[in-house]
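One file, coords-v3.txt, is given below (compact mmCIF, C-alpha atoms).
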```
# COMPACT_ATOMS: atom_id res chain seq x y z
CA MET A 1 0.00 0.00 0.00
CA LEU A 2 2.77 2.44 1.02
CA TYR A 3 4.82 1.41 -2.00
CA TRP A 4 1.85 1.99 -4.24
CA LEU A 5 1.22 5.40 -2.65
CA ILE A 6 4.84 6.50 -3.04
CA LYS A 7 4.84 5.30 -6.64
CA PHE A 8 1.60 7.16 -7.33
CA ILE A 9 2.87 10.40 -5.81
CA ASN A 10 6.15 10.07 -7.66
CA ASN A 11 4.44 9.46 -11.00
CA TYR A 12 1.87 12.22 -10.60
CA ARG A 13 3.73 14.60 -8.33
CA GLN A 14 2.90 17.73 -10.29
CA TYR A 15 -0.84 16.95 -10.05
CA VAL A 16 -0.54 16.13 -6.35
CA ILE A 17 1.30 19.43 -5.66
CA LEU A 18 -1.21 21.33 -7.80
CA ALA A 19 -4.13 19.81 -5.91
CA LEU A 20 -2.51 20.57 -2.53
CA LEU A 21 -1.75 24.18 -3.46
CA ILE A 22 -5.27 24.75 -4.80
CA LEU A 23 -6.79 23.20 -1.68
CA PHE A 24 -4.59 25.38 0.52
CA SER A 25 -5.53 28.49 -1.49
CA LEU A 26 -9.22 27.63 -1.15
CA PHE A 27 -8.68 27.20 2.58
CA LEU A 28 -7.07 30.66 2.69
CA LEU A 29 -10.04 32.10 0.80
CA THR A 30 -12.34 30.92 3.55
CA LEU A 31 -10.16 32.68 6.15
CA ASN A 32 -10.42 36.13 4.55
CA ASP A 33 -12.59 37.62 7.28
CA SER A 34 -10.67 36.16 10.22
CA ASN A 35 -8.68 38.43 12.55
CA ARG A 36 -5.35 36.72 11.94
CA ILE A 37 -5.59 37.26 8.19
CA THR A 38 -6.72 40.87 8.73
CA ASN A 39 -3.58 41.44 10.80
CA LEU A 40 -1.40 39.84 8.12
CA ARG A 41 -3.05 42.08 5.52
CA LYS A 42 -1.67 45.10 7.35
CA LEU A 43 1.62 44.27 5.61
CA SER A 44 0.13 46.04 2.60
CA PHE A 45 0.45 49.37 4.40
CA VAL A 46 4.23 49.07 4.10
CA VAL A 47 3.71 49.06 0.32
CA TYR A 48 1.29 51.99 0.42
CA GLY A 49 3.80 53.97 2.50
CA LEU A 50 6.41 53.22 -0.15
CA ILE A 51 4.05 54.29 -2.94
CA ASP A 52 3.31 57.53 -1.11
CA TYR A 53 7.05 58.15 -0.79
CA LEU A 54 7.74 57.33 -4.46
CA LYS A 55 4.69 59.01 -5.89
CA SER A 56 5.63 62.69 -5.66
CA PRO A 57 8.95 62.58 -7.56
CA LEU A 58 7.54 60.06 -10.05
CA ASP A 59 4.41 62.12 -10.65
CA ASP A 60 6.56 65.18 -11.16
CA PHE A 61 8.79 63.29 -13.56
CA PHE A 62 5.96 62.08 -15.82
CA TYR A 63 3.98 65.28 -15.50
CA TYR A 64 6.79 67.68 -16.38
CA LYS A 65 8.15 65.52 -19.18
CA LYS A 66 4.77 65.44 -20.83
CA GLU A 67 4.26 69.09 -20.10
CA ASN A 68 7.56 70.12 -21.65
CA GLU A 69 6.91 68.17 -24.82
CA ARG A 70 3.63 69.93 -25.24
CA LEU A 71 5.14 73.29 -24.41
CA ARG A 72 7.85 72.85 -27.00
CA ARG A 73 5.15 72.32 -29.58
CA GLU A 74 3.20 75.30 -28.46
CA ASN A 75 6.36 77.26 -27.76
CA THR A 76 4.90 79.28 -24.96
CA GLU A 77 5.69 79.37 -21.28
CA LEU A 78 2.42 81.09 -20.56
CA THR A 79 0.32 78.02 -21.27
CA LYS A 80 2.23 76.04 -18.70
CA GLU A 81 1.65 78.67 -16.05
CA LEU A 82 -2.03 78.78 -16.90
CA LEU A 83 -2.36 75.01 -16.60
CA GLU A 84 -0.53 75.07 -13.30
CA LEU A 85 -2.85 77.76 -12.02
CA LYS A 86 -5.89 75.82 -13.16
CA LYS A 87 -4.66 72.74 -11.35
CA TYR A 88 -4.27 74.66 -8.11
CA ASP A 89 -7.57 76.42 -8.71
CA ILE A 90 -9.41 73.09 -8.86
CA GLU A 91 -7.58 71.85 -5.80
CA ARG A 92 -8.33 75.10 -3.95
CA ASP A 93 -12.06 74.82 -4.81
CA GLU A 94 -12.07 71.25 -3.57
CA LEU A 95 -10.43 72.24 -0.27
CA TYR A 96 -12.72 75.28 0.05
CA ASN A 97 -15.79 73.04 -0.37
CA LEU A 98 -14.45 70.67 2.27
CA LEU A 99 -13.89 73.57 4.66
CA ASN A 100 -17.41 74.91 4.10
CA PHE A 101 -18.81 71.43 4.60
CA LYS A 102 -17.04 71.12 7.94
CA LYS A 103 -18.23 74.59 8.99
CA THR A 104 -21.88 73.89 8.18
CA ASN A 105 -21.94 70.59 10.07
CA SER A 106 -21.64 70.10 13.79
CA ALA A 107 -20.12 66.61 13.59
CA SER A 108 -16.32 66.50 13.63
CA PHE A 109 -14.86 65.05 10.47
CA ILE A 110 -11.35 64.04 9.49
CA THR A 111 -10.10 65.56 6.25
CA SER A 112 -7.85 63.28 4.27
CA ARG A 113 -5.79 63.27 1.07
CA ILE A 114 -6.09 60.39 -1.40
CA VAL A 115 -2.65 58.85 -1.76
CA LEU A 116 -3.56 56.22 -4.37
CA LYS A 117 -6.55 55.26 -6.47
CA SER A 118 -6.32 51.61 -7.45
CA VAL A 119 -8.68 50.02 -9.94
CA ASP A 120 -9.04 46.31 -9.46
CA VAL A 121 -11.46 43.78 -10.90
CA VAL A 122 -13.39 43.95 -7.63
CA GLY A 123 -13.72 47.72 -7.85
CA THR A 124 -12.04 51.02 -7.09
CA LYS A 125 -9.99 51.25 -3.93
CA PHE A 126 -8.57 54.45 -2.42
CA VAL A 127 -5.66 54.72 0.00
CA LEU A 128 -5.99 57.70 2.36
CA ASP A 129 -3.23 59.40 4.33
CA LYS A 130 -5.08 59.19 7.66
CA GLY A 131 -5.17 56.12 9.87
CA ALA A 132 -5.93 54.85 13.36
CA GLU A 133 -3.68 57.50 14.99
CA ASP A 134 -5.86 60.20 13.43
CA GLY A 135 -9.01 58.65 14.85
CA VAL A 136 -10.15 56.65 11.81
CA HIS A 137 -11.94 53.37 12.48
CA VAL A 138 -12.78 50.39 10.29
CA ASN A 139 -16.23 50.95 8.70
CA SER A 140 -15.90 54.74 9.00
CA ILE A 141 -17.81 56.43 6.19
CA VAL A 142 -15.93 58.40 3.55
CA LEU A 143 -17.65 61.39 1.97
CA THR A 144 -17.19 64.51 -0.08
CA PRO A 145 -19.41 67.57 0.30
CA SER A 146 -21.42 66.12 -2.63
CA GLY A 147 -22.11 62.71 -1.20
CA LEU A 148 -20.93 59.20 -0.44
CA VAL A 149 -17.54 57.86 -1.55
CA GLY A 150 -17.27 54.55 0.32
CA TYR A 151 -16.23 53.02 3.62
CA VAL A 152 -12.95 52.26 5.37
CA SER A 153 -12.27 48.55 5.01
CA ASP A 154 -8.85 48.37 6.63
CA LEU A 155 -6.36 50.68 8.30
CA SER A 156 -2.92 51.06 9.80
CA ASP A 157 -1.67 53.81 12.10
CA HIS A 158 -1.13 56.27 9.25
CA TYR A 159 -3.10 54.97 6.26
CA SER A 160 -6.56 53.62 5.54
CA ILE A 161 -8.04 51.69 2.65
CA VAL A 162 -11.41 52.75 1.32
CA HIS A 163 -13.66 50.53 -0.73
CA SER A 164 -15.52 52.98 -2.94
CA ILE A 165 -19.15 52.52 -3.95
CA ALA A 166 -17.83 51.56 -7.41
CA ASN A 167 -17.38 47.98 -6.23
CA TYR A 168 -19.03 44.78 -7.45
CA ASN A 169 -19.53 43.53 -3.94
CA VAL A 170 -21.19 46.67 -2.53
CA ARG A 171 -24.99 46.83 -2.34
CA ILE A 172 -26.58 49.92 -0.77
CA SER A 173 -30.18 50.39 0.23
CA VAL A 174 -31.20 53.78 -1.24
CA ILE A 175 -34.28 55.98 -1.25
CA ASN A 176 -35.49 58.56 -3.75
CA GLN A 177 -35.26 61.89 -1.94
CA ARG A 178 -38.25 63.31 -3.84
CA THR A 179 -40.73 60.42 -3.81
CA GLY A 180 -39.49 57.96 -1.22
CA ALA A 181 -39.11 55.08 -3.70
CA ILE A 182 -36.75 52.47 -2.25
CA GLY A 183 -34.22 50.38 -4.17
CA ILE A 184 -30.82 48.71 -4.07
CA LEU A 185 -27.84 50.48 -5.60
CA SER A 186 -25.00 48.54 -7.17
CA TRP A 187 -22.24 48.96 -9.72
CA ASP A 188 -22.08 46.67 -12.76
CA GLY A 189 -18.51 47.53 -13.73
CA GLU A 190 -19.60 50.32 -16.02
CA LYS A 191 -22.70 52.00 -14.65
CA PHE A 192 -24.39 52.60 -11.34
CA LYS A 193 -27.83 50.99 -11.25
CA VAL A 194 -30.72 51.06 -8.83
CA TYR A 195 -32.56 47.75 -8.74
CA ASN A 196 -35.90 46.65 -7.31
CA VAL A 197 -37.67 50.01 -7.64
CA ASN A 198 -41.33 49.22 -8.20
CA LYS A 199 -42.88 50.55 -11.42
CA SER A 200 -45.80 51.94 -9.44
CA SER A 201 -43.46 54.47 -7.78
CA ASP A 202 -42.34 57.74 -9.32
CA VAL A 203 -38.74 58.11 -10.52
CA LYS A 204 -37.48 60.52 -13.16
CA GLU A 205 -34.25 61.90 -14.56
CA GLY A 206 -32.48 64.23 -12.15
CA ASP A 207 -33.85 62.59 -9.00
CA ILE A 208 -31.38 62.07 -6.16
CA PHE A 209 -31.13 58.76 -4.35
CA THR A 210 -29.76 58.91 -0.80
CA THR A 211 -28.86 56.13 1.61
CA SER A 212 -32.00 54.78 3.28
CA GLN A 213 -32.76 53.99 6.88
CA PHE A 214 -32.62 50.28 5.95
CA SER A 215 -28.90 50.41 5.14
CA SER A 216 -26.92 48.43 7.70
CA GLN A 217 -23.60 49.99 6.78
CA PHE A 218 -24.31 53.64 5.99
CA PRO A 219 -26.26 56.26 7.95
CA SER A 220 -29.40 57.46 6.18
CA GLY A 221 -29.62 60.66 4.15
CA ILE A 222 -26.27 60.65 2.37
CA PRO A 223 -26.64 61.49 -1.35
CA VAL A 224 -25.34 58.65 -3.52
CA LEU A 225 -26.72 58.81 -7.03
CA LYS A 226 -28.24 61.28 -9.47
CA VAL A 227 -30.61 59.55 -11.92
CA THR A 228 -29.62 59.93 -15.58
CA SER A 229 -32.25 57.58 -17.00
CA ALA A 230 -35.28 55.77 -15.60
CA PHE A 231 -37.19 53.42 -17.91
CA ARG A 232 -40.54 51.96 -17.03
CA GLU A 233 -40.84 50.00 -20.31
CA THR A 234 -39.12 46.84 -19.13
CA GLU A 235 -40.33 43.23 -19.04
CA LEU A 236 -39.79 43.15 -15.29
CA LEU A 237 -41.89 44.61 -12.51
CA PHE A 238 -39.18 47.13 -11.75
CA TYR A 239 -37.68 50.28 -13.22
CA ASP A 240 -34.42 50.20 -15.18
CA ILE A 241 -32.58 53.06 -13.43
CA THR A 242 -29.05 54.23 -14.15
CA GLY A 243 -27.24 57.23 -12.77
CA THR A 244 -24.00 58.91 -11.86
CA PRO A 245 -22.61 59.16 -8.32
CA THR A 246 -23.10 62.56 -6.67
CA SER A 247 -19.41 62.50 -5.65
CA ASP A 248 -17.02 62.65 -8.58
CA LEU A 249 -15.08 59.46 -7.83
CA VAL A 250 -12.66 60.03 -10.70
CA ARG A 251 -11.56 63.57 -9.88
CA ILE A 252 -11.51 63.74 -6.10
CA ASN A 253 -8.19 64.32 -4.38
CA TYR A 254 -9.42 64.96 -0.86
CA CYS A 255 -12.27 63.50 1.16
CA ILE A 256 -13.85 63.51 4.60
CA ILE A 257 -13.97 60.62 7.01
CA MET A 258 -16.95 60.27 9.34
CA LYS A 259 -16.51 58.09 12.42
CA PRO A 260 -19.11 55.37 13.12
CA ASN A 261 -20.08 57.06 16.45
CA GLN A 262 -21.32 60.13 14.55
CA PHE A 263 -23.72 58.32 12.25
CA ASN A 264 -26.70 59.92 13.99
CA GLU A 265 -25.55 63.48 13.26
CA LYS A 266 -27.55 65.43 10.68
CA ILE A 267 -25.40 66.35 7.69
CA ASN A 268 -25.92 69.16 5.16
CA PHE A 269 -24.65 68.24 1.70
CA THR A 270 -23.86 70.66 -1.09
CA PHE A 271 -24.27 68.47 -4.18
CA GLU A 272 -25.43 70.08 -7.42
CA LYS A 273 -29.06 69.37 -8.15
CA MET B 1 20.51 28.36 -1.90
CA SER B 2 21.99 27.24 -5.20
CA ASN B 3 22.37 29.56 -8.17
CA ARG B 4 19.53 27.76 -9.93
CA TYR B 5 17.07 29.06 -7.35
CA PHE B 6 18.69 32.26 -6.11
CA LEU B 7 18.38 34.27 -9.33
CA PRO B 8 14.69 33.39 -10.04
CA VAL B 9 13.72 34.18 -6.43
CA PHE B 10 15.59 37.49 -6.61
CA VAL B 11 14.08 38.44 -9.99
CA LEU B 12 10.56 37.45 -8.92
CA SER B 13 10.94 39.45 -5.69
CA VAL B 14 11.98 42.52 -7.68
CA LEU B 15 9.04 42.00 -10.07
CA LEU B 16 6.69 41.66 -7.09
CA ILE B 17 7.89 44.98 -5.67
CA LEU B 18 7.62 46.66 -9.08
CA GLN B 19 4.12 45.21 -9.53
CA LEU B 20 3.02 46.61 -6.18
CA THR B 21 4.57 50.05 -6.57
CA LEU B 22 5.61 51.14 -10.06
CA VAL B 23 2.75 49.43 -11.92
CA GLU B 24 0.22 50.97 -9.53
CA LEU B 25 1.68 54.40 -10.28
CA ILE B 26 1.95 54.11 -14.06
CA SER B 27 -1.19 52.11 -14.79
CA TYR B 28 -4.40 53.70 -15.98
CA GLU B 29 -7.60 52.09 -14.71
CA ASN B 30 -7.62 48.44 -15.84
CA PHE B 31 -4.72 48.90 -18.26
CA LYS B 32 -2.42 47.20 -15.79
CA PRO B 33 0.33 44.76 -16.82
CA ASP B 34 1.14 41.79 -14.60
CA LEU B 35 4.94 41.86 -14.44
CA LEU B 36 4.99 39.18 -11.75
CA LEU B 37 3.05 36.80 -13.99
CA ILE B 38 5.47 37.40 -16.87
CA GLY B 39 8.34 36.42 -14.58
CA LEU B 40 6.48 33.37 -13.29
CA ILE B 41 5.68 32.19 -16.82
CA TYR B 42 9.29 32.72 -17.90
CA TYR B 43 10.72 30.66 -15.05
CA THR B 44 8.03 27.99 -15.41
CA LEU B 45 8.96 27.60 -19.07
CA LYS B 46 12.62 27.38 -18.06
CA PHE B 47 12.47 25.08 -15.02
CA GLY B 48 9.18 23.23 -15.36
CA GLN B 49 5.75 22.81 -13.88
CA ILE B 50 6.57 21.98 -10.26
CA GLU B 51 9.01 24.86 -9.68
CA GLY B 52 6.53 27.10 -11.49
CA ILE B 53 3.44 26.29 -9.45
CA VAL B 54 5.27 26.38 -6.12
CA SER B 55 6.77 29.80 -6.86
CA ALA B 56 3.39 30.98 -8.25
CA PHE B 57 1.73 29.98 -4.99
CA VAL B 58 4.34 31.70 -2.80
CA PHE B 59 4.52 34.91 -4.83
CA GLY B 60 0.76 34.95 -5.44
CA LEU B 61 0.15 34.74 -1.72
CA LEU B 62 2.71 37.48 -1.04
CA PHE B 63 1.00 39.62 -3.67
CA ASP B 64 -2.39 39.10 -2.03
CA LEU B 65 -1.00 40.04 1.37
CA LEU B 66 0.95 43.07 0.21
CA SER B 67 -1.77 44.44 -2.08
CA ASN B 68 -4.55 44.09 0.50
CA GLY B 69 -6.37 41.81 -1.92
CA VAL B 70 -8.50 38.72 -1.43
CA ILE B 71 -6.09 36.32 0.30
CA GLY B 72 -5.73 33.14 -1.76
CA ALA B 73 -7.22 34.56 -4.98
CA SER B 74 -3.96 35.46 -6.72
CA SER B 75 -2.23 32.36 -5.45
CA ILE B 76 -4.91 30.06 -6.88
CA SER B 77 -5.11 31.92 -10.20
CA LYS B 78 -1.34 32.09 -10.62
CA VAL B 79 -0.92 28.41 -9.67
CA ILE B 80 -3.43 27.34 -12.33
CA ALA B 81 -1.91 29.70 -14.91
CA THR B 82 1.67 28.50 -14.36
CA PHE B 83 0.52 24.88 -14.32
CA ILE B 84 -0.81 25.42 -17.85
CA ALA B 85 2.38 27.26 -18.82
CA GLY B 86 4.35 24.26 -17.53
CA TYR B 87 3.08 22.12 -20.40
CA PHE B 88 5.13 24.29 -22.76
CA ALA B 89 8.34 24.07 -20.71
CA ASP B 90 11.62 22.84 -22.12
CA THR B 91 12.97 21.28 -18.93
CA GLU B 92 15.61 19.16 -20.67
CA ASN B 93 17.60 22.16 -21.80
CA ASN B 94 16.40 24.60 -19.13
CA ARG B 95 15.91 27.36 -21.66
CA VAL B 96 13.20 29.55 -23.03
CA GLU B 97 13.05 29.93 -26.76
CA ILE B 98 12.22 33.50 -27.69
CA SER B 99 9.71 33.06 -30.46
CA THR B 100 6.23 34.21 -31.33
CA ASN B 101 5.00 31.07 -29.55
CA LEU B 102 6.34 32.45 -26.26
CA PHE B 103 4.23 35.59 -26.56
CA ALA B 104 1.18 33.55 -27.56
CA ILE B 105 1.71 31.44 -24.42
CA ILE B 106 2.07 34.57 -22.27
CA PHE B 107 -1.17 36.04 -23.63
CA PHE B 108 -3.09 32.78 -23.24
CA VAL B 109 -1.78 32.13 -19.73
CA ALA B 110 -2.38 35.76 -18.66
CA LEU B 111 -5.96 35.46 -19.91
CA VAL B 112 -6.49 32.22 -17.98
CA GLU B 113 -5.00 33.82 -14.86
CA ARG B 114 -7.28 36.88 -15.08
CA ILE B 115 -10.41 34.81 -15.73
CA THR B 116 -9.63 32.50 -12.80
CA TYR B 117 -9.01 35.52 -10.56
CA ILE B 118 -12.31 37.13 -11.58
CA LEU B 119 -14.26 33.93 -10.95
CA VAL B 120 -12.64 33.42 -7.55
CA ALA B 121 -12.52 37.00 -6.22
CA VAL B 122 -15.63 38.70 -7.54
CA ASN B 123 -19.25 38.13 -6.72
CA LEU B 124 -20.80 38.61 -10.17
CA ASP B 125 -24.14 38.15 -11.79
CA PHE B 126 -24.17 36.51 -15.20
CA LYS B 127 -25.14 39.74 -17.00
CA SER B 128 -22.01 41.56 -15.86
CA LEU B 129 -19.70 38.61 -16.46
CA LEU B 130 -19.00 39.33 -20.14
CA ILE B 131 -18.23 43.02 -19.54
CA VAL B 132 -15.92 42.11 -16.65
CA LEU B 133 -14.17 39.39 -18.63
CA VAL B 134 -13.38 41.88 -21.38
CA GLN B 135 -12.52 44.83 -19.11
CA PHE B 136 -10.55 42.99 -16.46
CA GLY B 137 -9.61 39.81 -18.35
CA LEU B 138 -8.85 40.54 -21.98
CA ILE B 139 -7.47 44.09 -21.62
CA PRO B 140 -5.00 43.35 -18.75
CA ALA B 141 -3.90 40.18 -20.59
CA ALA B 142 -3.21 42.22 -23.73
CA VAL B 143 -1.30 44.87 -21.72
CA THR B 144 0.70 42.07 -20.05
CA LEU B 145 1.52 40.72 -23.52
CA VAL B 146 2.77 44.16 -24.62
CA PHE B 147 4.96 44.48 -21.51
CA SER B 148 6.29 40.94 -22.03
CA LEU B 149 7.97 42.21 -25.22
CA PHE B 150 10.65 43.53 -22.86
CA ILE B 151 11.89 39.92 -22.79
CA LEU B 152 13.31 40.68 -26.24
CA LEU B 153 15.77 43.04 -24.56
CA MET B 154 17.16 40.28 -22.34
CA PRO B 155 20.48 38.64 -23.25
CA ARG B 156 19.80 35.27 -24.84
CA GLU B 157 21.45 32.37 -26.56
CA THR B 158 18.75 31.57 -29.08
CA GLU B 159 17.82 33.73 -32.01
CA LEU B 160 14.49 35.37 -32.48
CA ARG B 161 12.30 33.48 -34.87
```

Turn the structure described in the file into structure tokens.
Amino acid sequence: MLYWLIKFINNYRQYVILALLILFSLFLLTLNDSNRITNLRKLSFVVYGLIDYLKSPLDDFFYYKKENERLRRENTELTKELLELKKYDIERDELYNLLNFKKTNSASFITSRIVLKSVDVVGTKFVLDKGAEDGVHVNSIVLTPSGLVGYVSDLSDHYSIVHSIANYNVRISVINQRTGAIGILSWDGEKFKVYNVNKSSDVKEGDIFTTSQFSSQFPSGIPVLKVTSAFRETELLFYDITGTPTSDLVRINYCIIMKPNQFNEKINFTFEK
Amino acid sequence: MSNRYFLPVFVLSVLLILQLTLVELISYENFKPDLLLIGLIYYTLKFGQIEGIVSAFVFGLLFDLLSNGVIGASSISKVIATFIAGYFADTENNRVEISTNLFAIIFFVALVERITYILVAVNLDFKSLLIVLVQFGLIPAAVTLVFSLFILLMPRETELR
């Protein structure tokens, strides 16, 4: 029996090793939510610290190289200055909006810079420059003055990882601010959709969906989506609703973190209607 | 550690670091090459299936841990991908022939790796599957293929065919 087993393993060793490695990987997949694995995952913050350190000179390198090539073609120094000013103008407006948002709300928020935006098959992930030492907690909500960005999924002392709402695995219970129609918001990799909104309810283009009181993860009343199209003519019992997020997930550079113990505070948003 | 193993481990470690830092900085959305996979395929073709899948598991797991990803997803997808790559290995001569076949293998294996990763890591409905397979399967595999052309710059004994 032992001889036969040794002979079998020897003859098919690559398949045996493959099977063992796959089984072990599957075992690891089941452990993803355990505390030990979460602690091990904190190793990634070493990498994010390194990226933060490398990013500035590298960004400058690519940015200025590209900029100079263009300037040579245009042969004018003025254009460069104008572009620079525009860049700072946008950044200033963003910071000004954040400041106003903090002034108009009684809850204390943590303002944070986005160090890295990473697009993965699962969805968009942001790395923020604030962590546990700044008072951030896991499951803290991340916002802009316009609405919801995502939630903190993991953190170290100085950095936190945010899973944005543009994520296949995120489902948010939302409510139409105008009519009270309730649905589930999700991202299909390309568009934001609101599912399960009954055709008997009233939804039209331009409506704002906010987080509902039924959401287990997010406090209610945070703007999430502006409806761009709502079709009733479907074979199903529900609307076909698509929209754009109220927060510009592509352009944001700064955001606000709201601690879980402040979820009951009333917040005034300044999104464009 | 003998020379046979030291160099691949060193190169794969460098590729892992580059994948986690440089690629994140230079990539645009899902146009993201997998430098680590190129290295794993190269060494699998050179040394064979067993060395390939073991290193794919180790470096896949390290990648999952250091990228804050789904632990076990990259290791399983890279193990399966390198196992397939192993069928094309020339273990008798321990060499990789730089030919158009090599790049076809890299593209095919990268595609298999991405598809496996998507199926393992993402909770998808059937309607979104096709879009995701194109966006996060086909495009990254094609970008990986383009980046694998850097192999042509490596010193080699065999001629390009």

What are the nearest atom pairs, with distances in Å to one decimal, for all residues of chain A that come at most 6 Å from chain B, using only C-alpha atoms, set out by chain and rising residue number as a Markdown table?
```
| residue | atom | partner | partner_atom | distance |
| --- | --- | --- | --- | --- |
| A:Gln14 | CA | B:Ile50 | CA | 5.6 |
| A:Ile22 | CA | B:Ile76 | CA | 5.7 |
| A:Ser25 | CA | B:Gly72 | CA | 4.7 |
| A:Leu28 | CA | B:Gly72 | CA | 5.3 |
| A:Leu29 | CA | B:Gly72 | CA | 5.1 |
| A:Arg41 | CA | B:Leu65 | CA | 5.1 |
| A:Leu43 | CA | B:Leu66 | CA | 5.6 |
| A:Ser44 | CA | B:Leu66 | CA | 3.9 |
| A:Ile51 | CA | B:Thr21 | CA | 5.6 |
| A:Val119 | CA | B:Glu29 | CA | 5.3 |
| A:Val121 | CA | B:Phe136 | CA | 5.7 |
| A:Val122 | CA | B:Val122 | CA | 5.7 |
| A:Asp188 | CA | B:Ser128 | CA | 6.0 |
```

Residue subset to file, keeping C-alpha atoms, as a compact mmCIF listing (two decimals), in the coordinates of the input:
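Contents of the output file out.txt:
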```
# COMPACT_ATOMS: atom_id res chain seq x y z
CA GLN A 14 2.90 17.73 -10.29
CA ILE A 22 -5.27 24.75 -4.80
CA SER A 25 -5.53 28.49 -1.49
CA LEU A 28 -7.07 30.66 2.69
CA LEU A 29 -10.04 32.10 0.80
CA ARG A 41 -3.05 42.08 5.52
CA LEU A 43 1.62 44.27 5.61
CA SER A 44 0.13 46.04 2.60
CA ILE A 51 4.05 54.29 -2.94
CA VAL A 119 -8.68 50.02 -9.94
CA VAL A 121 -11.46 43.78 -10.90
CA VAL A 122 -13.39 43.95 -7.63
CA ASP A 188 -22.08 46.67 -12.76
```

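Atom CA of A:Thr124 is positioned 15.3 Å from atom CA of A:Tyr48.
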
Task: Contacts of B:Ala89 at 7 Å (all atoms listed in the file; same-chain gap of 5+ positions) as number ranges by chain - done: B: 44-46, 48

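Here the question is which of B:Ala110, B:Leu152, B:Ile98, B:Leu12 gets nearest to B:Ile84 using all atoms listed in the file, and that residue is B:Ala110.
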
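The two atoms in question, atom CA of B:Ala85 and atom CA of A:Lys7, are spaced 25.2 Å apart.
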
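Between atom CA of B:Tyr87 and atom CA of A:Tyr3 lies a distance of 27.8 Å.
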
Calculate, to one decimal in Å, the centre and edge lengths of the box along x, y and z of the file that holds all listed atoms of stretch 9-28 of chain B with 6 Å of margin on each side, and present them as JSON.
```
{"center_x": 5.6, "center_y": 44.3, "center_z": -10.8, "size_x": 32.0, "size_y": 32.2, "size_z": 22.3}
```

TODO: Please provide the set of residues having any atom within 7 Å of stretch 144-147 of chain B, restricted to all atoms listed in the file, with same-chain residues fewer than 3 positions apart removed, written as a ChimeraX atom specification.
DONE: /B:33-34,103,106-107,140-141,150

Go ahead and find all residues with at least one atom no further than 12 Å from (16.1, 33.9, -9.9) in the file's coordinates, using all atoms listed in the file; report them as a PDB file with C-alpha atoms, keeping the file's coordinate frame.
```pdb
ATOM      1  CA  MET B   1      20.510  28.360  -1.900  1.00  0.00           C
ATOM      2  CA  SER B   2      21.990  27.240  -5.200  1.00  0.00           C
ATOM      3  CA  ASN B   3      22.370  29.560  -8.170  1.00  0.00           C
ATOM      4  CA  ARG B   4      19.530  27.760  -9.930  1.00  0.00           C
ATOM      5  CA  TYR B   5      17.070  29.060  -7.350  1.00  0.00           C
ATOM      6  CA  PHE B   6      18.690  32.260  -6.110  1.00  0.00           C
ATOM      7  CA  LEU B   7      18.380  34.270  -9.330  1.00  0.00           C
ATOM      8  CA  PRO B   8      14.690  33.390 -10.040  1.00  0.00           C
ATOM      9  CA  VAL B   9      13.720  34.180  -6.430  1.00  0.00           C
ATOM     10  CA  PHE B  10      15.590  37.490  -6.610  1.00  0.00           C
ATOM     11  CA  VAL B  11      14.080  38.440  -9.990  1.00  0.00           C
ATOM     12  CA  LEU B  12      10.560  37.450  -8.920  1.00  0.00           C
ATOM     13  CA  SER B  13      10.940  39.450  -5.690  1.00  0.00           C
ATOM     14  CA  VAL B  14      11.980  42.520  -7.680  1.00  0.00           C
ATOM     15  CA  LEU B  15       9.040  42.000 -10.070  1.00  0.00           C
ATOM     16  CA  GLY B  39       8.340  36.420 -14.580  1.00  0.00           C
ATOM     17  CA  LEU B  40       6.480  33.370 -13.290  1.00  0.00           C
ATOM     18  CA  TYR B  42       9.290  32.720 -17.900  1.00  0.00           C
ATOM     19  CA  TYR B  43      10.720  30.660 -15.050  1.00  0.00           C
ATOM     20  CA  THR B  44       8.030  27.990 -15.410  1.00  0.00           C
ATOM     21  CA  LYS B  46      12.620  27.380 -18.060  1.00  0.00           C
ATOM     22  CA  PHE B  47      12.470  25.080 -15.020  1.00  0.00           C
ATOM     23  CA  GLU B  51       9.010  24.860  -9.680  1.00  0.00           C
ATOM     24  CA  GLY B  52       6.530  27.100 -11.490  1.00  0.00           C
ATOM     25  CA  SER B  55       6.770  29.800  -6.860  1.00  0.00           C
TER      26      SER B  55
END
```

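Minimum atom-to-atom distance to B:Leu111, evaluated using only C-alpha atoms, belongs to B:Ile139 out of B:Ile139, B:Leu18, B:Glu92, B:Ile38.
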
Open item on the list: Need the shell around A:Arg171: protein/DNA/RNA residues with any atom at most 9 Å away, counting only C-alpha atoms. Skip same-chain ones fewer than 5 positions apart. Format as a PyMOL selection string?
Closed with: chain A and resi 165+184-187
